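Source file my_file39.txt; content: compact mmCIF, C-alpha atoms and all ligand atoms.
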# COMPACT_ATOMS: atom_id res chain seq x y z
CA MET A 1 17.59 184.40 109.06
CA ASP A 2 19.16 187.34 107.25
CA VAL A 3 22.92 187.12 107.67
CA THR A 4 23.65 189.99 105.28
CA LYS A 5 24.42 192.35 108.14
CA LEU A 6 26.96 189.88 109.52
CA ILE A 7 28.96 189.64 106.32
CA SER A 8 31.93 191.92 105.80
CA LYS A 9 31.53 194.64 103.19
CA ALA A 10 34.39 193.06 101.23
CA ALA A 11 32.78 189.59 101.15
CA LEU A 12 29.38 191.05 100.39
CA GLU A 13 30.64 193.04 97.44
CA LYS A 14 33.04 190.40 96.20
CA GLU A 15 32.16 188.35 93.12
CA GLU A 16 32.01 184.58 93.65
CA SER A 17 35.46 183.05 93.74
CA ARG A 18 36.25 181.24 90.50
CA ARG A 19 38.13 178.71 92.60
CA ALA A 20 35.27 178.15 95.07
CA SER A 21 32.73 177.62 92.30
CA ARG A 22 34.96 174.95 90.79
CA ALA A 23 35.39 173.21 94.13
CA ALA A 24 31.62 173.27 94.70
CA SER A 25 30.83 171.31 91.52
CA ASN A 26 29.13 167.97 92.17
CA ILE A 27 31.47 165.94 89.99
CA ASP A 28 33.08 162.97 91.73
CA PHE A 29 36.67 163.58 90.66
CA SER A 30 37.85 160.40 92.37
CA LYS A 31 36.25 158.35 89.58
CA LEU A 32 38.01 160.23 86.82
CA ILE A 33 41.52 160.32 85.39
CA ARG A 34 42.56 163.74 86.69
CA MET A 35 44.12 165.77 83.93
CA GLY A 36 42.63 169.08 85.00
CA PHE A 37 44.31 170.23 88.19
CA ASN A 38 47.98 170.33 87.13
CA GLU A 39 48.87 167.72 89.73
CA HIS A 40 52.03 165.65 89.47
CA PRO A 41 51.27 162.39 87.65
CA PHE A 42 54.05 160.40 89.29
CA GLY A 43 53.73 161.65 92.85
CA MET A 44 56.24 162.70 95.45
CA SER A 45 59.64 161.30 96.32
CA PRO A 46 59.31 157.93 98.11
CA LYS A 47 61.68 159.29 100.77
CA ALA A 48 59.36 162.23 101.41
CA LEU A 49 56.37 159.90 101.57
CA GLU A 50 58.11 157.68 104.13
CA VAL A 51 58.90 160.70 106.32
CA ILE A 52 55.32 161.98 106.04
CA ILE A 53 53.88 158.61 107.08
CA GLU A 54 56.24 158.41 110.05
CA GLU A 55 55.63 162.01 111.12
CA SER A 56 51.86 161.57 110.83
CA LYS A 57 52.02 159.13 113.77
CA THR A 58 52.61 162.08 116.07
CA SER A 59 50.24 164.48 114.35
CA ASN A 60 48.34 165.03 117.58
CA LEU A 61 51.13 167.59 118.07
CA TYR A 62 51.48 170.91 116.28
CA GLY A 63 54.37 171.34 113.90
CA ASP A 64 57.20 173.73 114.77
CA PHE A 65 55.49 177.14 114.91
CA GLN A 66 58.76 178.78 113.78
CA LYS A 67 59.29 176.25 110.94
CA LYS A 68 62.96 176.68 111.75
CA GLU A 69 64.46 173.66 109.99
CA LEU A 70 62.36 174.03 106.83
CA THR A 71 63.08 177.76 106.64
CA GLU A 72 66.84 177.17 107.05
CA LYS A 73 66.85 174.38 104.46
CA LEU A 74 65.01 176.58 101.95
CA ALA A 75 67.31 179.53 102.62
CA ASP A 76 70.35 177.26 102.10
CA PHE A 77 68.90 175.86 98.91
CA TYR A 78 68.60 179.35 97.39
CA GLY A 79 71.66 180.96 98.97
CA LEU A 80 69.45 183.35 100.96
CA GLU A 81 69.06 184.02 104.70
CA PRO A 82 66.26 182.48 106.78
CA GLU A 83 64.89 186.02 107.23
CA ASN A 84 64.20 186.05 103.48
CA VAL A 85 61.90 183.01 103.58
CA LEU A 86 58.36 182.48 104.82
CA ALA A 87 56.72 179.08 104.44
CA GLY A 88 53.00 178.40 104.68
CA ALA A 89 50.44 175.70 103.93
CA GLY A 90 50.73 176.07 100.15
CA SER A 91 51.05 179.18 98.06
CA SER A 92 47.27 179.77 98.03
CA PRO A 93 47.13 180.77 101.73
CA LEU A 94 50.34 182.76 101.27
CA ILE A 95 48.66 184.74 98.49
CA GLU A 96 46.05 185.72 101.10
CA THR A 97 48.87 186.59 103.50
CA ILE A 98 50.29 188.93 100.87
CA GLY A 99 46.90 190.60 100.42
CA CYS A 100 46.68 191.06 104.18
CA ALA A 101 50.19 192.50 104.44
CA PHE A 102 50.18 194.89 101.49
CA LEU A 103 46.72 195.80 100.21
CA ASN A 104 44.43 198.65 101.25
CA PRO A 105 40.95 199.33 99.84
CA GLY A 106 41.23 201.13 96.52
CA ASP A 107 44.68 199.77 95.62
CA GLU A 108 45.06 198.28 92.18
CA VAL A 109 46.55 194.86 91.53
CA LEU A 110 47.80 194.53 87.98
CA MET A 111 47.99 191.19 86.23
CA CYS A 112 47.37 189.41 82.95
CA PRO A 113 44.81 186.56 82.92
CA THR A 114 46.32 184.11 85.41
CA PHE A 115 45.66 182.00 88.51
CA ALA A 116 42.30 183.13 89.93
CA ALA A 117 43.51 183.34 93.56
CA PHE A 118 45.07 186.72 92.74
CA ILE A 119 41.65 188.13 91.88
CA ASP A 120 40.35 186.85 95.25
CA MET A 121 43.38 188.33 97.01
CA ALA A 122 42.56 191.77 95.63
CA GLN A 123 38.79 191.71 95.96
CA ILE A 124 38.69 190.44 99.54
CA ARG A 125 40.87 193.42 100.53
CA MET A 126 38.57 195.77 98.54
CA ALA A 127 41.40 196.37 96.11
CA THR A 128 40.76 196.28 92.37
CA PRO A 129 42.18 193.57 90.12
CA VAL A 130 43.17 195.20 86.84
CA ILE A 131 43.49 192.52 84.19
CA VAL A 132 45.48 193.35 81.07
CA PRO A 133 45.06 191.04 78.04
CA LEU A 134 47.78 188.56 77.07
CA THR A 135 49.62 188.97 73.78
CA GLU A 136 48.16 187.26 70.72
CA ASP A 137 50.43 184.28 71.44
CA LYS A 138 48.97 184.09 74.95
CA VAL A 139 52.13 185.34 76.59
CA TYR A 140 52.12 187.64 79.64
CA ASP A 141 52.19 191.13 78.11
CA LEU A 142 54.78 193.06 80.12
CA ASP A 143 54.63 196.15 77.87
CA ALA A 144 50.86 196.41 78.31
CA LEU A 145 51.24 195.86 82.06
CA TYR A 146 53.75 198.67 82.24
CA GLU A 147 51.39 200.97 80.32
CA ALA A 148 48.58 200.11 82.75
CA ILE A 149 50.48 201.30 85.85
CA THR A 150 48.66 204.12 87.67
CA ASP A 151 49.35 205.92 90.93
CA LYS A 152 47.01 203.36 92.56
CA THR A 153 49.03 200.33 91.45
CA LYS A 154 50.27 198.52 94.55
CA ILE A 155 51.13 195.04 93.25
CA ILE A 156 51.98 193.61 89.84
CA VAL A 157 51.50 189.85 89.63
CA VAL A 158 53.70 188.01 87.14
CA CYS A 159 53.07 184.29 86.94
CA ASN A 160 56.01 182.74 85.10
CA PRO A 161 55.46 180.33 83.45
CA ASN A 162 51.82 181.30 83.52
CA ASN A 163 48.74 179.29 84.43
CA PRO A 164 46.50 178.62 82.45
CA THR A 165 48.60 179.34 79.35
CA GLY A 166 51.85 177.47 80.13
CA THR A 167 53.72 180.21 78.23
CA TYR A 168 56.62 182.17 79.71
CA VAL A 169 58.57 185.39 79.52
CA GLY A 170 62.35 185.02 79.14
CA LYS A 171 64.93 186.19 81.68
CA GLU A 172 66.15 189.24 79.80
CA LYS A 173 62.71 190.70 79.13
CA LEU A 174 61.59 190.05 82.67
CA ILE A 175 64.61 191.71 84.28
CA GLU A 176 64.27 194.70 81.97
CA PHE A 177 60.62 195.02 83.05
CA ILE A 178 61.42 194.70 86.76
CA LYS A 179 64.09 197.41 86.47
CA LYS A 180 61.59 199.73 84.79
CA VAL A 181 58.74 199.33 87.29
CA PRO A 182 58.76 202.10 89.95
CA ASP A 183 60.30 201.00 93.24
CA ASP A 184 57.09 201.60 95.21
CA ILE A 185 55.24 198.79 93.44
CA LEU A 186 55.50 195.24 94.75
CA ILE A 187 56.41 192.73 92.07
CA LEU A 188 54.88 189.39 92.92
CA MET A 189 56.44 186.55 90.96
CA ASP A 190 54.43 183.33 91.07
CA GLU A 191 56.76 180.52 90.02
CA ALA A 192 54.53 177.57 90.91
CA TYR A 193 55.53 175.64 87.76
CA LEU A 194 58.99 176.96 87.01
CA GLU A 195 60.85 173.77 87.99
CA PHE A 196 59.17 171.95 85.08
CA ALA A 197 60.63 174.39 82.55
CA THR A 198 63.17 173.24 79.98
CA ALA A 199 63.89 176.54 78.18
CA SER A 200 67.26 177.89 79.33
CA ASP A 201 65.91 181.44 79.71
CA CYS A 202 62.88 180.41 81.79
CA VAL A 203 64.46 181.07 85.16
CA SER A 204 63.60 182.09 88.70
CA MET A 205 63.81 185.72 89.76
CA TYR A 206 64.93 184.87 93.33
CA PRO A 207 68.54 186.08 92.73
CA LEU A 208 67.14 189.62 92.36
CA ILE A 209 66.24 189.60 96.06
CA LYS A 210 69.98 189.98 96.72
CA GLU A 211 71.00 191.66 93.48
CA MET A 212 68.37 194.42 93.52
CA PRO A 213 67.69 195.14 97.20
CA GLU A 214 65.92 198.38 96.27
CA LYS A 215 63.23 196.41 94.41
CA PRO A 216 60.29 195.05 96.40
CA ILE A 217 60.08 191.56 94.91
CA ILE A 218 58.40 188.49 96.34
CA VAL A 219 58.97 185.13 94.68
CA MET A 220 56.38 182.47 95.48
CA LYS A 221 56.90 178.76 95.12
CA THR A 222 55.03 175.62 96.09
CA PHE A 223 55.65 171.96 96.87
CA SER A 224 52.30 171.16 95.21
CA LYS A 225 53.44 170.83 91.60
CA TYR A 226 57.05 169.79 90.85
CA TYR A 227 57.39 168.15 94.26
CA GLY A 228 54.09 166.28 93.91
CA MET A 229 52.74 167.25 97.34
CA ALA A 230 49.52 169.16 96.51
CA GLY A 231 47.53 167.33 99.18
CA VAL A 232 50.19 167.90 101.86
CA ARG A 233 50.04 171.71 101.54
CA VAL A 234 53.43 173.42 101.68
CA GLY A 235 54.51 176.56 99.83
CA TYR A 236 56.79 179.48 100.49
CA ALA A 237 57.52 183.09 99.68
CA MET A 238 60.96 184.69 99.39
CA GLY A 239 61.75 188.38 99.58
CA ASN A 240 63.68 190.97 101.48
CA LYS A 241 63.39 190.99 105.27
CA ALA A 242 61.04 193.97 105.54
CA LEU A 243 58.53 192.36 103.16
CA ILE A 244 58.74 188.97 104.88
CA ASP A 245 58.38 190.61 108.31
CA ALA A 246 55.18 192.35 107.17
CA MET A 247 53.81 189.00 106.01
CA LYS A 248 54.70 187.37 109.33
CA LYS A 249 52.19 189.70 111.05
CA CYS A 250 49.39 188.12 109.02
CA PRO A 251 47.61 184.75 109.23
CA GLY A 252 48.05 181.86 106.83
CA THR A 253 51.50 180.60 107.63
CA MET A 254 51.05 177.52 109.84
CA ILE A 255 52.20 174.20 108.40
CA SER A 256 51.46 170.69 109.65
CA LYS A 257 54.20 168.65 111.27
CA ALA A 258 54.09 166.08 108.45
CA GLY A 259 54.14 168.85 105.86
CA GLN A 260 57.27 170.44 107.27
CA ALA A 261 59.13 167.14 107.51
CA GLY A 262 57.93 166.00 104.07
CA ALA A 263 59.02 169.23 102.39
CA ILE A 264 62.50 168.97 103.93
CA ALA A 265 62.82 165.37 102.68
CA ALA A 266 61.53 166.29 99.22
CA LEU A 267 63.96 169.18 98.88
CA ALA A 268 66.81 166.82 99.77
CA ASP A 269 65.79 164.28 97.13
CA GLN A 270 66.54 166.31 94.00
CA ASP A 271 67.76 163.18 92.16
CA TYR A 272 64.28 161.65 92.27
CA TYR A 273 62.70 164.82 90.91
CA LYS A 274 65.26 165.19 88.12
CA GLU A 275 64.56 161.63 86.98
CA VAL A 276 60.81 161.98 87.12
CA LYS A 277 60.93 165.33 85.29
CA LYS A 278 62.23 163.43 82.25
CA LYS A 279 58.98 161.43 82.18
CA VAL A 280 56.89 164.58 82.58
CA VAL A 281 58.74 166.26 79.71
CA ALA A 282 58.34 163.16 77.51
CA GLY A 283 54.59 163.22 78.24
CA MET A 284 54.39 166.92 77.42
CA THR A 285 56.20 166.40 74.10
CA TYR A 286 53.85 163.55 73.23
CA LEU A 287 50.73 165.58 74.04
CA GLU A 288 51.97 168.60 72.14
CA GLU A 289 52.84 166.57 69.05
CA GLU A 290 49.66 164.51 69.02
CA LEU A 291 47.31 167.44 69.65
CA THR A 292 49.03 169.32 66.81
CA LYS A 293 48.57 166.29 64.53
CA LEU A 294 44.86 166.32 65.41
CA GLY A 295 44.66 169.90 64.11
CA CYS A 296 44.47 171.69 67.47
CA LYS A 297 46.27 174.96 68.12
CA VAL A 298 48.78 174.17 70.86
CA TYR A 299 50.53 176.78 72.99
CA HIS A 300 54.06 175.62 73.76
CA SER A 301 54.31 175.14 77.52
CA GLN A 302 57.04 175.26 80.15
CA THR A 303 54.85 173.62 82.79
CA ASN A 304 53.14 170.28 83.39
CA PHE A 305 50.02 171.28 81.41
CA ILE A 306 49.13 172.40 77.90
CA LEU A 307 46.63 174.97 76.70
CA PHE A 308 45.10 174.08 73.36
CA ASP A 309 42.34 175.28 71.10
CA PRO A 310 40.39 172.31 69.70
CA TYR A 311 38.54 174.64 67.29
CA MET A 312 35.25 173.46 68.76
CA ASP A 313 33.39 174.40 71.95
CA ALA A 314 35.76 173.85 74.87
CA GLN A 315 33.00 172.89 77.31
CA GLU A 316 31.70 170.33 74.83
CA VAL A 317 35.17 168.79 74.63
CA ARG A 318 35.43 168.78 78.42
CA ASN A 319 32.02 167.12 78.82
CA ALA A 320 32.71 164.52 76.14
CA LEU A 321 36.02 163.64 77.82
CA MET A 322 34.31 163.50 81.20
CA GLU A 323 31.76 160.99 79.85
CA ARG A 324 34.72 158.86 78.80
CA GLY A 325 36.36 159.16 82.23
CA ILE A 326 38.95 161.93 81.80
CA MET A 327 38.74 165.34 83.45
CA ILE A 328 40.46 168.32 81.88
CA SER A 329 39.98 172.02 82.49
CA ALA A 330 38.18 174.27 80.03
CA PRO A 331 38.20 177.92 80.91
CA ASN A 332 37.51 179.24 77.39
CA ILE A 333 39.79 176.95 75.52
CA CYS A 334 41.07 173.63 76.86
CA ARG A 335 43.86 172.93 79.34
CA VAL A 336 45.16 169.41 79.88
CA SER A 337 47.62 168.39 82.59
CA VAL A 338 50.19 165.79 81.66
CA GLY A 339 49.41 162.31 82.97
CA LYS A 340 51.19 158.97 82.98
CA MET A 341 51.93 157.87 79.41
CA GLU A 342 48.98 155.44 79.26
CA GLU A 343 46.68 158.28 80.41
CA ASN A 344 48.14 160.63 77.80
CA GLU A 345 47.52 158.00 75.12
CA LEU A 346 43.95 157.44 76.23
CA PHE A 347 43.34 161.20 76.24
CA ILE A 348 44.62 161.48 72.65
CA LYS A 349 42.53 158.50 71.55
CA TYR A 350 39.39 160.13 72.98
CA MET A 351 40.28 163.55 71.58
CA LYS A 352 40.50 161.97 68.13
CA GLU A 353 37.03 160.44 68.56
CA ILE A 354 35.53 163.70 69.83
CA LEU A 355 37.02 165.81 67.05
CA GLU A 356 35.90 163.29 64.40
CA GLU A 357 32.37 163.21 65.82
CA ASN A 358 32.30 166.99 65.75
CA ALA A 359 33.48 167.09 62.14
CA LEU A 360 30.73 164.63 61.15
CA LYS A 361 28.14 166.71 63.00
CA LYS A 362 29.25 169.80 61.09
CA GLU A 363 29.00 167.97 57.75
CA ALA A 364 25.50 166.67 58.49
C1 LIG B 1 50.01 179.62 89.29
C2 LIG B 1 49.64 178.97 90.57
N1 LIG B 1 50.07 179.50 91.72
C3 LIG B 1 49.77 178.95 92.90
C4 LIG B 1 49.00 177.81 92.97
C5 LIG B 1 48.63 177.30 94.32
O1 LIG B 1 49.27 176.19 94.67
P1 LIG B 1 49.20 175.64 96.15
O2 LIG B 1 48.22 176.44 96.93
O3 LIG B 1 48.76 174.23 96.02
O4 LIG B 1 50.58 175.80 96.69
C6 LIG B 1 48.51 177.22 91.80
C7 LIG B 1 47.67 176.03 91.87
O5 LIG B 1 47.12 175.52 90.95
C8 LIG B 1 48.84 177.81 90.57
O6 LIG B 1 48.41 177.31 89.41

Would it be possible to restate this file's structure as structure tokens?
Amino acid sequence: MDVTKLISKAALEKEESRRASRAASNIDFSKLIRMGFNEHPFGMSPKALEVIIEESKTSNLYGDFQKKELTEKLADFYGLEPENVLAGAGSSPLIETIGCAFLNPGDEVLMCPTFAAFIDMAQIRMATPVIVPLTEDKVYDLDALYEAITDKTKIIVVCNPNNPTGTYVGKEKLIEFIKKVPDDILILMDEAYLEFATASDCVSMYPLIKEMPEKPIIVMKTFSKYYGMAGVRVGYAMGNKALIDAMKKCPGTMISKAGQAGAIAALADQDYYKEVKKKVVAGMTYLEEELTKLGCKVYHSQTNFILFDPYMDAQEVRNALMERGIMISAPNICRVSVGKMEENELFIKYMKEILEENALKKEA
């Protein structure tokens, strides 16, 4: 059967999703220590978990289609109005919602190397992802992005702190950039990891929604990372009413009953997350110090993962770790997500072995 004629022009022409190809791999991740997906090593708030378990008992029912309580709680949390908030089943589906609401064929979506879903978002709408290199220090290059603006630029994606680099752009530079960008370009801030940041100038851009109403800005956040709820699927976008209203016309914004209740409980349990962040930060410091001692080039991170150059083939490192039971990510260089301390220690022990073996191989 030839299904080619059935497939949309966009899907036919689109390159394979980098995300889909990863998901399709035949590795049984359940048998590995997962240090490759930037998941939360300590899990969600016990209060959120309790609510999710309870709410799941009535999951034969749909969740609130309006997501009224969650939307109000999020708006309160940020000092915005409910009309400024749109929640969905994670930020990945909301990225698709944004593509649906704002992109036409031929539009350009500007970004530096970042989360691959933004490439999908552009290509599936027959828009063009324009990818501008990072700076030498692997920081999002705002000057180069600005230079790359054309009359076709519709969206500029700024992931801050960025995945897969973990690096960030400080408040002052970011605001200066946003002010400079023409007002007919949507600035899409992805802040999936921002709550893990410790640098005082690594801050959210959500206040600009009120402070710069003339600027089309959408700030995206997720409960998957800092709130430890990746498998529950809740994320949200914030922006001015006209932008949010356009998104509401598009699919991708239904959330399960348990997800809505769990997110509300998680948001209310900030004390738990503040405590557990200390352990994440301690793990990050340990990984950064130990990888540096092993001679790797480490990029200082404001997230729950670290990009490092082992000065040997990244795939080889990934495979050697996998054989030992640890999964990391290796786009071109390596990215390791922070684990529990015993997992971090095991990872460092294996890294030492792998680097020593490689050095011996080179000598031979
Ligand atoms: C930068 C960034 N944005 C968004 C997401 C999507 O998160 P989710 O769909 O789980 O909310 C991820 C997931 O890894 C990410 O790294």

Considering all atoms listed in the file, give me a table of residues in chain A that are at most 10 Å from ligand LIG 1 (chain B), with the closest atom pair and distance in Å for each, as CSV.
residue,atom,partner,partner_atom,distance
A:Arg19,CA,B:LIG1,O5,9.7
A:Gly36,CA,B:LIG1,O5,9.9
A:Phe37,CA,B:LIG1,O5,6.6
A:Asn38,CA,B:LIG1,O5,6.5
A:Glu39,CA,B:LIG1,O5,8.1
A:Gly88,CA,B:LIG1,O4,8.7
A:Ala89,CA,B:LIG1,O4,7.2
A:Gly90,CA,B:LIG1,O4,3.5
A:Ser91,CA,B:LIG1,O4,3.7
A:Ser92,CA,B:LIG1,O2,3.6
A:Pro93,CA,B:LIG1,O2,6.6
A:Leu94,CA,B:LIG1,O2,8.0
A:Ile95,CA,B:LIG1,C3,8.1
A:Thr114,CA,B:LIG1,C1,7.0
A:Phe115,CA,B:LIG1,C1,5.0
A:Ala116,CA,B:LIG1,O6,8.5
A:Ala117,CA,B:LIG1,C3,7.7
A:Phe118,CA,B:LIG1,N1,8.8
A:Val158,CA,B:LIG1,C1,9.4
A:Cys159,CA,B:LIG1,C1,6.1
A:Asn160,CA,B:LIG1,C1,8.0
A:Pro161,CA,B:LIG1,C1,8.0
A:Asn162,CA,B:LIG1,C1,6.3
A:Asn163,CA,B:LIG1,C1,5.0
A:Pro164,CA,B:LIG1,O6,7.3
A:Gly166,CA,B:LIG1,C1,9.6
A:Met189,CA,B:LIG1,N1,9.5
A:Asp190,CA,B:LIG1,N1,5.8
A:Glu191,CA,B:LIG1,C1,6.8
A:Ala192,CA,B:LIG1,N1,4.9
A:Tyr193,CA,B:LIG1,C1,7.0
A:Leu194,CA,B:LIG1,C1,9.6
A:Met220,CA,B:LIG1,C3,7.9
A:Lys221,CA,B:LIG1,O4,7.2
A:Thr222,CA,B:LIG1,O4,4.5
A:Phe223,CA,B:LIG1,O4,6.4
A:Ser224,CA,B:LIG1,O3,4.8
A:Lys225,CA,B:LIG1,O3,7.3
A:Gly228,CA,B:LIG1,O3,9.8
A:Met229,CA,B:LIG1,O3,8.1
A:Ala230,CA,B:LIG1,O3,5.2
A:Gly231,CA,B:LIG1,O3,7.7
A:Val232,CA,B:LIG1,O3,8.7
A:Arg233,CA,B:LIG1,O3,6.2
A:Val234,CA,B:LIG1,O4,6.2
A:Gly235,CA,B:LIG1,O4,5.1
A:Tyr236,CA,B:LIG1,O4,8.2
A:Thr303,CA,B:LIG1,O6,9.9

Within-10 Å shell of (67.6, 186.9, 107.7) in input frame, only C-alpha atoms, as a PyMOL selection string: chain A and resi 72+75+80-85+240-242+244-245

Take the selection from the previous step and output its residues with C-alpha atoms, as a compact mmCIF listing (two decimals), keeping the file's coordinate frame.
# COMPACT_ATOMS: atom_id res chain seq x y z
CA GLU A 72 66.84 177.17 107.05
CA ALA A 75 67.31 179.53 102.62
CA LEU A 80 69.45 183.35 100.96
CA GLU A 81 69.06 184.02 104.70
CA PRO A 82 66.26 182.48 106.78
CA GLU A 83 64.89 186.02 107.23
CA ASN A 84 64.20 186.05 103.48
CA VAL A 85 61.90 183.01 103.58
CA ASN A 240 63.68 190.97 101.48
CA LYS A 241 63.39 190.99 105.27
CA ALA A 242 61.04 193.97 105.54
CA ILE A 244 58.74 188.97 104.88
CA ASP A 245 58.38 190.61 108.31

Between A:Ala127, A:Val298, A:Ile218, A:Ile354, single out the one closest to A:Glu323, counting only C-alpha atoms. A:Ile354

Nearest candidate to A:Met44 (options A:Lys274, A:Lys73, A:Arg324, A:Lys138; using all atoms listed in the file):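 Counting all atoms listed in the file, the residue closest to A:Met44 is A:Lys274.
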
Suppose you want the space between atom CA of A:Asn104 and atom CA of A:Arg125; what is it in Å?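 Calculated distance between atom CA of A:Asn104 and atom CA of A:Arg125 is 6.4 Å.
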
Per-residue nearest contacts of stretch 233-315 of chain A to stretch 338-351 of chain A (10 Å; all atoms listed in the file) as a tab-separated table:
residue	atom	partner	partner_atom	distance
A:Lys279	CA	A:Lys340	CA	8.2
A:Val280	CA	A:Val338	CA	6.9
A:Val281	CA	A:Val338	CA	8.8
A:Ala282	CA	A:Met341	CA	8.5
A:Gly283	CA	A:Met341	CA	6.1
A:Met284	CA	A:Val338	CA	6.1
A:Thr285	CA	A:Val338	CA	9.7
A:Tyr286	CA	A:Asn344	CA	7.9
A:Leu287	CA	A:Asn344	CA	6.7
A:Glu290	CA	A:Ile348	CA	6.9
A:Leu291	CA	A:Ile348	CA	7.2
A:Leu294	CA	A:Met351	CA	8.2
A:Thr303	CA	A:Val338	CA	9.2
A:Asn304	CA	A:Val338	CA	5.6
A:Phe305	CA	A:Val338	CA	5.5
A:Ile306	CA	A:Val338	CA	7.7
A:Pro310	CA	A:Met351	CA	9.0

Which one is closest to A:Gln260: A:Gly295, A:Pro105, A:Gly63, A:Gly43? Count all atoms listed in the file. A:Gly63

Can you tell me which residues surround A:Leu243 at a distance of at most 12 Å, considering all atoms listed in the file, apart from same-chain residues fewer than 2 positions away, and format the answer as a ChimeraX atom specification? /A:83-86,97-98,100-102,186-188,209,213-219,237-241,245-250

Once you have the residues from the selection above, write them out as a CSV table (one decimal), in the coordinates of the input, restricted to C-alpha atoms.
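Okay, this is what ended up in again32.csv:
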chain,number,residue,atom,x,y,z
A,83,GLU,CA,64.9,186.0,107.2
A,84,ASN,CA,64.2,186.0,103.5
A,85,VAL,CA,61.9,183.0,103.6
A,86,LEU,CA,58.4,182.5,104.8
A,97,THR,CA,48.9,186.6,103.5
A,98,ILE,CA,50.3,188.9,100.9
A,100,CYS,CA,46.7,191.1,104.2
A,101,ALA,CA,50.2,192.5,104.4
A,102,PHE,CA,50.2,194.9,101.5
A,186,LEU,CA,55.5,195.2,94.8
A,187,ILE,CA,56.4,192.7,92.1
A,188,LEU,CA,54.9,189.4,92.9
A,209,ILE,CA,66.2,189.6,96.1
A,213,PRO,CA,67.7,195.1,97.2
A,214,GLU,CA,65.9,198.4,96.3
A,215,LYS,CA,63.2,196.4,94.4
A,216,PRO,CA,60.3,195.0,96.4
A,217,ILE,CA,60.1,191.6,94.9
A,218,ILE,CA,58.4,188.5,96.3
A,219,VAL,CA,59.0,185.1,94.7
A,237,ALA,CA,57.5,183.1,99.7
A,238,MET,CA,61.0,184.7,99.4
A,239,GLY,CA,61.8,188.4,99.6
A,240,ASN,CA,63.7,191.0,101.5
A,241,LYS,CA,63.4,191.0,105.3
A,245,ASP,CA,58.4,190.6,108.3
A,246,ALA,CA,55.2,192.4,107.2
A,247,MET,CA,53.8,189.0,106.0
A,248,LYS,CA,54.7,187.4,109.3
A,249,LYS,CA,52.2,189.7,111.0
A,250,CYS,CA,49.4,188.1,109.0

Interatomic distance between atom CA of A:Ala87 and atom CA of A:Gly252?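 Taking atom CA of A:Ala87 as the start and atom CA of A:Gly252 as the end point, the length is 9.4 Å.
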
Applying 12 Å and all atoms listed in the file, which residues near A:Ile27 remain after dropping the ones on its own chain fewer than 5 positions away? List them as a list in words. Ser21, Arg22, Leu32, Arg34, Asn319, Met322, Glu323, Gly325, Ile326 and Met327 of chain A

Work out how far apart atom CA of A:Lys57 and atom CA of A:Gly262 are and give it in Å to one decimal.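 About the pair atom CA of A:Lys57 and atom CA of A:Gly262: they are 13.3 Å apart.
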
Counting all atoms listed in the file, which residue out of A:Leu145, A:Leu321, A:Ala364, A:Val181 sits closest to A:Met35?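 Checking each of A:Leu145, A:Leu321, A:Ala364, A:Val181 against A:Met35, counting all atoms listed in the file, the winner is A:Leu321.
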
Up to 12 Å from (51.7, 201.9, 83.8) in the file's coordinates: name the residues, counting only C-alpha atoms, as a ChimeraX atom specification. /A:108-111,130,132,142-156,177,180-182,185

Mind checking which residues fall within 12 Å of stretch 7-10 of chain A, counting all atoms listed in the file, ignoring those fewer than 2 positions away in the same chain, and posting them as a tab-separated table (two decimals) with C-alpha atoms, in the coordinates of the input?
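selection.tsv was written with the following content:
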chain	number	residue	atom	x	y	z
A	2	ASP	CA	19.16	187.34	107.25
A	3	VAL	CA	22.92	187.12	107.67
A	4	THR	CA	23.65	189.99	105.28
A	5	LYS	CA	24.42	192.35	108.14
A	12	LEU	CA	29.38	191.05	100.39
A	13	GLU	CA	30.64	193.04	97.44
A	14	LYS	CA	33.04	190.40	96.20
A	15	GLU	CA	32.16	188.35	93.12
A	16	GLU	CA	32.01	184.58	93.65
A	104	ASN	CA	44.43	198.65	101.25
A	105	PRO	CA	40.95	199.33	99.84
A	106	GLY	CA	41.23	201.13	96.52
A	120	ASP	CA	40.35	186.85	95.25
A	121	MET	CA	43.38	188.33	97.01
A	122	ALA	CA	42.56	191.77	95.63
A	123	GLN	CA	38.79	191.71	95.96
A	124	ILE	CA	38.69	190.44	99.54
A	125	ARG	CA	40.87	193.42	100.53
A	126	MET	CA	38.57	195.77	98.54
A	127	ALA	CA	41.40	196.37	96.11
A	128	THR	CA	40.76	196.28	92.37

Rank A:Glu353, A:Phe77, A:Pro207, A:Phe308 by their smallest atom-to-atom distance to A:Ser329, using only C-alpha atoms, and report the top residue only.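 Closest residue, counting only C-alpha atoms: A:Phe308.
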
Could you tell me which of A:Lys297, A:Val169, A:Lys257, A:Asp76 comes closest to A:Arg335 if we count all atoms listed in the file?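 Residue with the minimum atom-to-atom distance to A:Arg335: A:Lys297.
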
Take every atom of stretch 33-44 of chain A listed in the file, fit an axis-aligned box around them, add 6 Å per side, and give the centre and edge lengths in Å to one decimal as AutoDock Vina command-line options.
--center_x 48.9 --center_y 165.3 --center_z 89.7 --size_x 26.7 --size_y 22.0 --size_z 23.5
